[in-house]
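What's in data-v1.cif: mmCIF, C-alpha atoms
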```
data_target
#
loop_
_atom_site.label_atom_id
_atom_site.label_comp_id
_atom_site.auth_asym_id
_atom_site.auth_seq_id
_atom_site.Cartn_x
_atom_site.Cartn_y
_atom_site.Cartn_z
CA MET A 622 93.53 129.41 118.58
CA ASN A 623 96.91 130.45 120.01
CA GLU A 624 98.64 127.50 118.32
CA THR A 625 97.84 128.79 114.83
CA ALA A 626 101.39 129.99 114.27
CA ASP A 627 102.68 126.62 115.41
CA THR A 628 100.41 124.76 112.98
CA MET A 629 101.53 127.09 110.17
CA ASN A 630 105.12 126.18 110.86
CA VAL A 631 104.90 123.05 108.72
CA PRO A 632 107.90 120.81 109.25
CA ARG A 633 109.83 119.45 106.28
CA SER A 634 112.82 117.29 106.90
CA ARG A 635 115.18 115.44 104.59
CA ALA A 636 116.17 113.28 107.57
CA TRP A 637 112.72 111.65 107.44
CA THR A 638 113.23 110.72 103.79
CA LEU A 639 116.44 108.95 104.75
CA PHE A 640 114.63 107.33 107.66
CA GLY A 641 111.96 106.05 105.26
CA VAL A 642 114.56 104.59 102.88
CA PHE A 643 116.27 102.91 105.83
CA ALA A 644 112.94 101.48 107.06
CA PHE A 645 112.15 99.94 103.66
CA VAL A 646 115.65 98.50 103.24
CA ALA A 647 115.36 97.04 106.76
CA LEU A 648 112.01 95.44 105.92
CA ILE A 649 113.31 93.89 102.69
CA ALA A 650 116.42 92.57 104.47
CA ALA A 651 114.41 91.20 107.41
CA GLN A 652 111.91 89.42 105.16
CA VAL A 653 114.51 87.94 102.80
CA HIS A 654 116.56 86.69 105.76
CA ALA A 655 113.54 85.22 107.57
CA VAL A 656 112.04 83.52 104.51
CA LEU A 657 115.33 82.06 103.30
CA THR A 658 116.70 80.88 106.64
CA SER A 659 113.69 79.69 108.63
CA PRO A 660 113.20 75.91 108.63
CA ALA A 661 109.84 74.29 107.89
CA ASP A 662 107.69 73.80 110.98
CA ARG A 663 106.94 70.20 112.02
CA ASP A 664 103.16 70.71 111.81
CA MET A 665 102.67 73.73 109.57
CA GLY A 666 105.53 73.23 107.12
CA HIS A 667 106.57 76.42 105.33
CA LEU A 668 103.21 78.03 106.07
CA GLN A 669 104.82 79.37 109.26
CA LYS A 670 106.57 81.99 107.05
CA ILE A 671 103.30 83.95 107.08
CA LEU A 672 104.10 84.50 110.77
CA TYR A 673 106.77 87.07 109.77
CA VAL A 674 104.17 89.40 108.28
CA HIS A 675 101.00 88.54 110.19
CA VAL A 676 102.39 88.84 113.72
CA PRO A 677 104.39 92.09 113.18
CA ALA A 678 101.34 93.63 111.43
CA ALA A 679 99.24 92.79 114.50
CA TRP A 680 101.86 94.17 116.92
CA ILE A 681 102.26 97.35 114.90
CA MET A 682 98.49 97.80 114.74
CA SER A 683 98.42 97.64 118.57
CA LEU A 684 101.33 100.06 118.86
CA ALA A 685 99.69 102.57 116.50
CA PHE A 686 96.46 102.42 118.53
CA LEU A 687 98.48 102.96 121.70
CA VAL A 688 99.76 106.18 120.09
CA VAL A 689 96.12 107.10 119.33
CA PHE A 690 95.21 106.49 122.98
CA VAL A 691 98.10 108.56 124.37
CA PHE A 692 97.54 111.53 122.06
CA SER A 693 93.75 111.41 122.38
CA ILE A 694 94.06 111.61 126.17
CA ARG A 695 96.69 114.33 125.78
CA TYR A 696 94.33 116.29 123.52
CA MET A 697 91.52 115.97 126.07
CA TRP A 698 93.96 117.15 128.75
CA ARG A 699 95.69 120.05 126.94
CA GLY A 700 93.39 120.81 124.00
CA GLN A 701 96.25 121.27 121.55
CA GLU A 702 95.49 120.65 117.89
CA LYS A 703 98.86 119.00 117.25
CA ASP A 704 97.90 116.12 119.55
CA ASP A 705 94.65 115.59 117.65
CA LEU A 706 96.45 115.55 114.29
CA LEU A 707 99.02 113.07 115.56
CA ALA A 708 96.31 110.80 116.99
CA ALA A 709 94.47 110.91 113.64
CA ALA A 710 97.68 110.07 111.74
CA ALA A 711 98.31 107.09 114.02
CA ALA A 712 94.67 105.97 113.69
CA GLU A 713 94.89 105.83 109.90
CA VAL A 714 98.15 103.88 110.00
CA GLY A 715 96.77 101.60 112.74
CA ALA A 716 93.60 100.90 110.74
CA THR A 717 95.72 100.06 107.67
CA PHE A 718 97.77 97.52 109.63
CA ASN A 719 94.58 96.27 111.31
CA GLY A 720 93.04 95.52 107.91
CA LEU A 721 96.28 93.88 106.80
CA THR A 722 96.34 91.72 109.95
CA LEU A 723 92.81 90.48 109.24
CA VAL A 724 93.55 89.66 105.60
CA LEU A 725 96.81 87.88 106.48
CA GLY A 726 94.96 85.96 109.18
CA MET A 727 92.43 84.81 106.57
CA ILE A 728 95.22 83.70 104.23
CA TRP A 729 96.78 81.73 107.07
CA GLY A 730 93.41 80.41 108.27
CA LYS A 731 92.37 78.79 105.00
CA PRO A 732 95.17 76.17 104.86
CA ALA A 733 95.58 75.94 108.66
CA TRP A 734 91.95 75.89 109.84
CA GLY A 735 90.24 74.96 106.57
CA ALA A 736 88.22 78.18 106.41
CA TRP A 737 88.88 81.76 105.32
CA TRP A 738 86.94 83.11 108.29
CA VAL A 739 85.88 81.77 111.67
CA TRP A 740 84.03 83.71 114.37
CA ASP A 741 86.85 83.05 116.80
CA PRO A 742 87.17 85.54 119.73
CA ARG A 743 90.59 86.81 118.57
CA VAL A 744 89.45 87.26 114.97
CA THR A 745 86.13 88.80 115.99
CA THR A 746 87.63 91.29 118.47
CA THR A 747 90.21 92.31 115.83
CA LEU A 748 87.37 92.91 113.38
CA VAL A 749 85.50 95.00 115.98
CA LEU A 750 88.67 97.04 116.54
CA PHE A 751 88.96 97.61 112.78
CA MET A 752 85.34 98.75 112.56
CA ILE A 753 85.80 101.18 115.45
CA PHE A 754 88.76 102.85 113.73
CA VAL A 755 87.09 102.91 110.33
CA GLY A 756 84.27 104.70 112.19
CA TYR A 757 86.84 107.05 113.75
CA LEU A 758 88.18 107.97 110.28
CA ALA A 759 84.64 108.36 108.89
CA LEU A 760 83.75 110.64 111.81
CA ARG A 761 86.73 112.86 111.03
CA SER A 762 85.67 113.22 107.43
CA PHE A 763 82.06 114.08 108.34
CA VAL A 764 82.68 116.79 110.96
CA ASP A 765 83.80 120.13 109.52
CA ASP A 766 84.40 122.11 112.70
CA PRO A 767 88.04 121.33 113.68
CA GLU A 768 87.47 121.72 117.41
CA ARG A 769 84.39 119.51 117.56
CA ARG A 770 86.08 117.00 115.24
CA ALA A 771 89.08 116.85 117.57
CA GLN A 772 86.95 116.45 120.72
CA TRP A 773 84.77 113.69 119.29
CA SER A 774 87.76 111.94 117.72
CA ALA A 775 89.65 112.01 121.02
CA ALA A 776 86.71 110.33 122.76
CA VAL A 777 86.31 107.64 120.06
CA GLY A 778 90.08 107.17 119.77
CA ALA A 779 90.58 106.65 123.51
CA PHE A 780 87.55 104.32 123.71
CA GLY A 781 88.62 102.39 120.60
CA ALA A 782 92.16 101.87 121.83
CA ILE A 783 90.83 100.33 125.07
CA ASN A 784 89.86 97.36 122.86
CA VAL A 785 93.52 96.58 122.14
CA PRO A 786 94.11 94.77 125.48
CA ILE A 787 90.82 92.89 124.91
CA VAL A 788 92.12 91.70 121.52
CA TYR A 789 95.44 90.76 123.12
CA MET A 790 93.92 88.82 126.01
CA SER A 791 91.05 87.26 124.02
CA VAL A 792 93.09 84.09 123.36
CA ARG A 793 93.46 83.55 127.11
CA TRP A 794 90.06 84.73 128.32
CA TRP A 795 87.95 82.64 125.95
CA ARG A 796 88.15 79.18 124.42
CA THR A 797 89.59 79.98 121.04
CA LEU A 798 90.86 78.39 117.84
CA HIS A 799 93.57 81.03 117.51
CA GLN A 800 96.84 80.10 119.14
CA ILE A 801 98.06 82.07 122.18
CA GLN A 802 100.31 85.11 121.74
CA SER A 803 103.51 84.46 119.81
CA SER A 804 106.60 85.32 121.83
CA PRO A 805 110.11 83.87 122.25
CA SER A 806 108.74 81.68 125.06
CA THR A 807 105.98 80.15 122.90
CA MET A 808 107.96 79.39 119.76
CA ASP A 809 111.01 77.53 118.50
CA SER A 810 114.22 79.56 118.80
CA ALA A 811 114.79 79.09 115.03
CA TYR A 812 111.96 81.56 114.37
CA VAL A 813 112.67 84.16 117.05
CA LEU A 814 115.32 86.23 115.24
CA GLY A 815 113.21 86.46 112.07
CA LEU A 816 110.17 87.54 114.05
CA ARG A 817 112.15 90.16 116.01
CA THR A 818 113.85 91.71 112.96
CA ASN A 819 110.57 91.85 111.05
CA ALA A 820 108.79 93.40 114.03
CA ILE A 821 111.49 96.10 114.27
CA ALA A 822 111.32 96.76 110.50
CA PHE A 823 107.51 97.02 110.64
CA MET A 824 107.84 99.43 113.56
CA LEU A 825 110.21 101.65 111.55
CA ILE A 826 107.69 101.64 108.67
CA MET A 827 104.92 102.56 111.11
CA ILE A 828 106.93 105.48 112.55
CA TYR A 829 107.69 106.73 109.03
CA PHE A 830 104.03 106.47 107.95
CA ILE A 831 102.73 108.23 111.06
CA ARG A 832 105.29 111.02 110.60
CA ARG A 833 104.37 111.54 106.94
CA ARG A 834 100.62 111.37 107.63
CA TYR A 835 101.06 113.89 110.46
CA GLU A 836 103.01 116.19 108.13
CA LEU A 837 100.15 115.91 105.61
CA ALA A 838 97.53 116.77 108.26
CA ARG A 839 99.50 119.82 109.39
CA LEU A 840 99.94 121.04 105.81
CA ARG A 841 96.21 120.72 105.13
CA ARG A 842 95.35 122.47 108.39
CA ALA A 843 97.83 125.28 107.71
CA THR A 844 96.30 125.81 104.25
CA GLU A 845 92.82 125.97 105.85
CA LEU A 846 94.05 128.54 108.36
CA ILE A 847 95.54 130.70 105.60
CA ALA A 848 92.24 130.51 103.67
CA ASP A 849 90.28 131.43 106.82
CA ALA A 850 92.60 134.35 107.55
CA ALA A 851 92.30 135.57 103.95
CA ALA A 852 88.49 135.33 104.14
CA LEU A 853 88.40 137.27 107.43
CA GLY A 854 90.70 139.89 105.97
CA GLY A 855 88.25 140.33 103.07
CA THR A 856 90.80 139.41 100.41
CA MET B 713 99.71 70.46 100.42
CA THR B 714 103.20 72.02 100.41
CA ASP B 715 102.87 73.35 96.85
CA GLN B 716 99.54 74.90 97.70
CA ASN B 717 101.06 76.43 100.85
CA TRP B 718 103.57 78.35 98.76
CA ALA B 719 100.66 80.00 96.95
CA PHE B 720 99.28 81.17 100.33
CA ILE B 721 102.73 82.34 101.43
CA GLY B 722 103.23 84.22 98.15
CA ALA B 723 99.78 85.81 98.46
CA ALA B 724 100.50 86.92 102.05
CA TYR B 725 103.76 88.66 101.08
CA ALA B 726 102.28 90.15 97.89
CA ILE B 727 99.34 91.62 99.83
CA THR B 728 101.65 92.93 102.56
CA TRP B 729 103.79 94.75 99.99
CA GLY B 730 100.73 95.88 98.06
CA VAL B 731 99.27 97.49 101.18
CA ILE B 732 102.56 99.04 102.33
CA LEU B 733 103.53 100.42 98.91
CA GLY B 734 99.95 101.46 98.17
CA TYR B 735 99.79 103.45 101.40
CA LEU B 736 103.23 104.95 100.77
CA ILE B 737 102.21 106.15 97.28
CA ARG B 738 98.86 107.46 98.52
CA VAL B 739 100.43 109.50 101.34
CA HIS B 740 103.26 110.83 99.15
CA ARG B 741 100.84 111.92 96.40
CA ALA B 742 98.59 113.62 98.97
CA LEU B 743 101.65 115.29 100.53
CA ALA B 744 102.83 116.66 97.18
CA GLN B 745 99.34 118.03 96.48
CA ALA B 746 98.96 119.50 99.99
CA ARG B 747 102.41 121.12 99.74
CA ALA B 748 101.50 122.71 96.39
CA GLU B 749 98.20 124.01 97.81
CA PHE B 750 99.94 125.36 100.91
CA GLU B 751 102.56 127.18 98.84
CA SER B 752 99.91 128.59 96.50
CA ALA B 753 97.81 129.81 99.46
CA SER B 754 100.90 131.34 101.09
CA LYS B 755 101.79 133.22 97.87
CA HIS B 756 98.22 134.50 97.57
CA THR B 757 98.37 135.87 101.11
CA GLU B 758 101.73 137.55 100.47
CA ARG B 759 100.35 139.24 97.34
CA ALA B 760 97.15 140.42 99.03
CA PRO B 761 97.16 144.15 99.99
#
```
Let me see whether you can do it: turn the structure in this file into structure tokens.
Amino acid sequence: MNETADTMNVPRSRAWTLFGVFAFVALIAAQVHAVLTSPADRDMGHLQKILYVHVPAAWIMSLAFLVVFVFSIRYMWRGQEKDDLLAAAAAEVGATFNGLTLVLGMIWGKPAWGAWWVWDPRVTTTLVLFMIFVGYLALRSFVDDPERRAQWSAAVGAFGAINVPIVYMSVRWWRTLHQIQSSPSTMDSAYVLGLRTNAIAFMLIMIYFIRRRYELARLRRATELIADAAALGGT
Amino acid sequence: MTDQNWAFIGAAYAITWGVILGYLIRVHRALAQARAEFESASKHTERAP
């Protein structure tokens, strides 16, 4: 692999530590501001405050899977290991936020719908998306050959990410209990700023997580390459 | 209903922070271990004849 030297050049940056600290401070500030300043909703009361974690988690899940899609296609196109590692990092972060979205939806659903779980199209398609990416991560842990692992992962990653628009549109395509997409046009202006700041803070957290997970993948791969080189050299 | 709603709101934020901090700790621990293994492997290679 002619990119071996590139993989061995494992990045380590203090700037990312500062970025991480900034992302966490931003999330705390956004949540405190939103929770303390948002008025109770006419129908839902204060339960609407779950919106500030549930909706950004869902958006960030979609964004992370978009990264998986882009880098999976890029891997299939160029065959560079870095693209595969970045797609895998984004898939793990996306699956984490996907699981969080489902759990937060259940917590919201119990008082709002009277049930922890309903087989609603939005909820069901989000669960299917979660299962696809848990499968993606399982696949990566089962396949030892890095090249085959990357090829199969790219195919599953690109296919899995195609489900994101289905999840997004499910509330419009089918009769559903879940409300339509939350956006400034569908909600009271009192909640828009809180939703925007939390979405931005979640996005910063996602970028930080993907970067760290990518760094971890490159370190592990570089260690494997050193071990392989040592074995080939008979040491 | 309102009192009960606060329990759901509290649970939602607690789980969100649990997941985010849990993932942060997991990745940072794995990074520290991977960095140590990488440095050890690099030293081994340098020492090899």
> Residues picked by the PyMOL selection byres ((chain B and resi 739) around 12) here, as a count of residues only?
Replying inline: 28
With all atoms listed in the file counted and 8 Å as the cut-off, give the residues of chain A in contact with chain B, each with its shortest interatomic distance in Å and the pair that gives it, as a Markdown table.
```
| residue | atom | partner | partner_atom | distance |
| --- | --- | --- | --- | --- |
| A:Gly666 | CA | B:Thr714 | CA | 7.2 |
| A:His667 | CA | B:Asn717 | CA | 7.1 |
| A:Leu668 | CA | B:Asn717 | CA | 5.9 |
| A:Lys670 | CA | B:Ile721 | CA | 6.8 |
| A:Ile671 | CA | B:Ile721 | CA | 5.9 |
| A:Val674 | CA | B:Thr728 | CA | 7.2 |
| A:Thr717 | CA | B:Val731 | CA | 7.8 |
| A:Leu721 | CA | B:Thr728 | CA | 6.9 |
| A:Leu725 | CA | B:Ala724 | CA | 5.8 |
| A:Ile728 | CA | B:Phe720 | CA | 6.2 |
| A:Trp729 | CA | B:Phe720 | CA | 7.2 |
| A:Pro732 | CA | B:Asn717 | CA | 7.1 |
| A:Phe830 | CA | B:Leu736 | CA | 7.4 |
| A:Arg833 | CA | B:Val739 | CA | 7.1 |
| A:Arg834 | CA | B:Val739 | CA | 6.6 |
| A:Glu836 | CA | B:Leu743 | CA | 7.8 |
| A:Leu837 | CA | B:Leu743 | CA | 5.3 |
| A:Leu840 | CA | B:Ala746 | CA | 6.1 |
| A:Arg841 | CA | B:Ala746 | CA | 6.0 |
| A:Ala843 | CA | B:Phe750 | CA | 7.1 |
| A:Thr844 | CA | B:Phe750 | CA | 5.0 |
| A:Ile847 | CA | B:Ala753 | CA | 6.6 |
| A:Ala848 | CA | B:Ala753 | CA | 7.0 |
| A:Ala851 | CA | B:Thr757 | CA | 6.7 |
| A:Thr856 | CA | B:Ala760 | CA | 6.6 |
```
> Near Ile753 of chain A, counting all atoms listed in the file, which residues have an atom at most 12 Å away, once you skip same-chain residues fewer than 2 positions from it, shown as a ChimeraX atom specification?
Replying inline: /A:686,712-713,715-716,719-720,746-751,755-760,774,776-785
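Distance-wise, atom CA of Gln652 of chain A and atom CA of Met665 of chain A end up 18.7 Å apart.
Across the model, the gap from atom CA of Pro786 of chain A to atom CA of Ser659 of chain A is 29.9 Å.
Using all atoms listed in the file, the smallest distance between any of A:Arg635, A:Pro767, A:Ala820, A:Gln802 and Glu845 of chain A comes from A:Pro767.
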Selection result for the PyMOL selection byres ((chain A and resi 678) around 8) on this file, as a short mmCIF file (atom, residue, chain, number, x, y, z; two decimals) with C-alpha atoms, in the frame of the given file:
```cif
data_model
loop_
_atom_site.label_atom_id
_atom_site.label_comp_id
_atom_site.auth_asym_id
_atom_site.auth_seq_id
_atom_site.Cartn_x
_atom_site.Cartn_y
_atom_site.Cartn_z
CA VAL A 674 104.17 89.40 108.28
CA HIS A 675 101.00 88.54 110.19
CA VAL A 676 102.39 88.84 113.72
CA PRO A 677 104.39 92.09 113.18
CA ALA A 679 99.24 92.79 114.50
CA TRP A 680 101.86 94.17 116.92
CA ILE A 681 102.26 97.35 114.90
CA MET A 682 98.49 97.80 114.74
CA PHE A 718 97.77 97.52 109.63
CA ASN A 719 94.58 96.27 111.31
CA LEU A 721 96.28 93.88 106.80
CA THR A 722 96.34 91.72 109.95
CA ALA A 820 108.79 93.40 114.03
CA PHE A 823 107.51 97.02 110.64
#
```
> Distance atom CA of Met790 of chain A-atom CA of Pro742 of chain A, one decimal place?
Replying inline: 9.8 Å
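Taking all atoms listed in the file into account, Val724 of chain A lies nearest to A:Val744 out of the set A:Leu814, A:Val744, A:Leu657, A:Met752.
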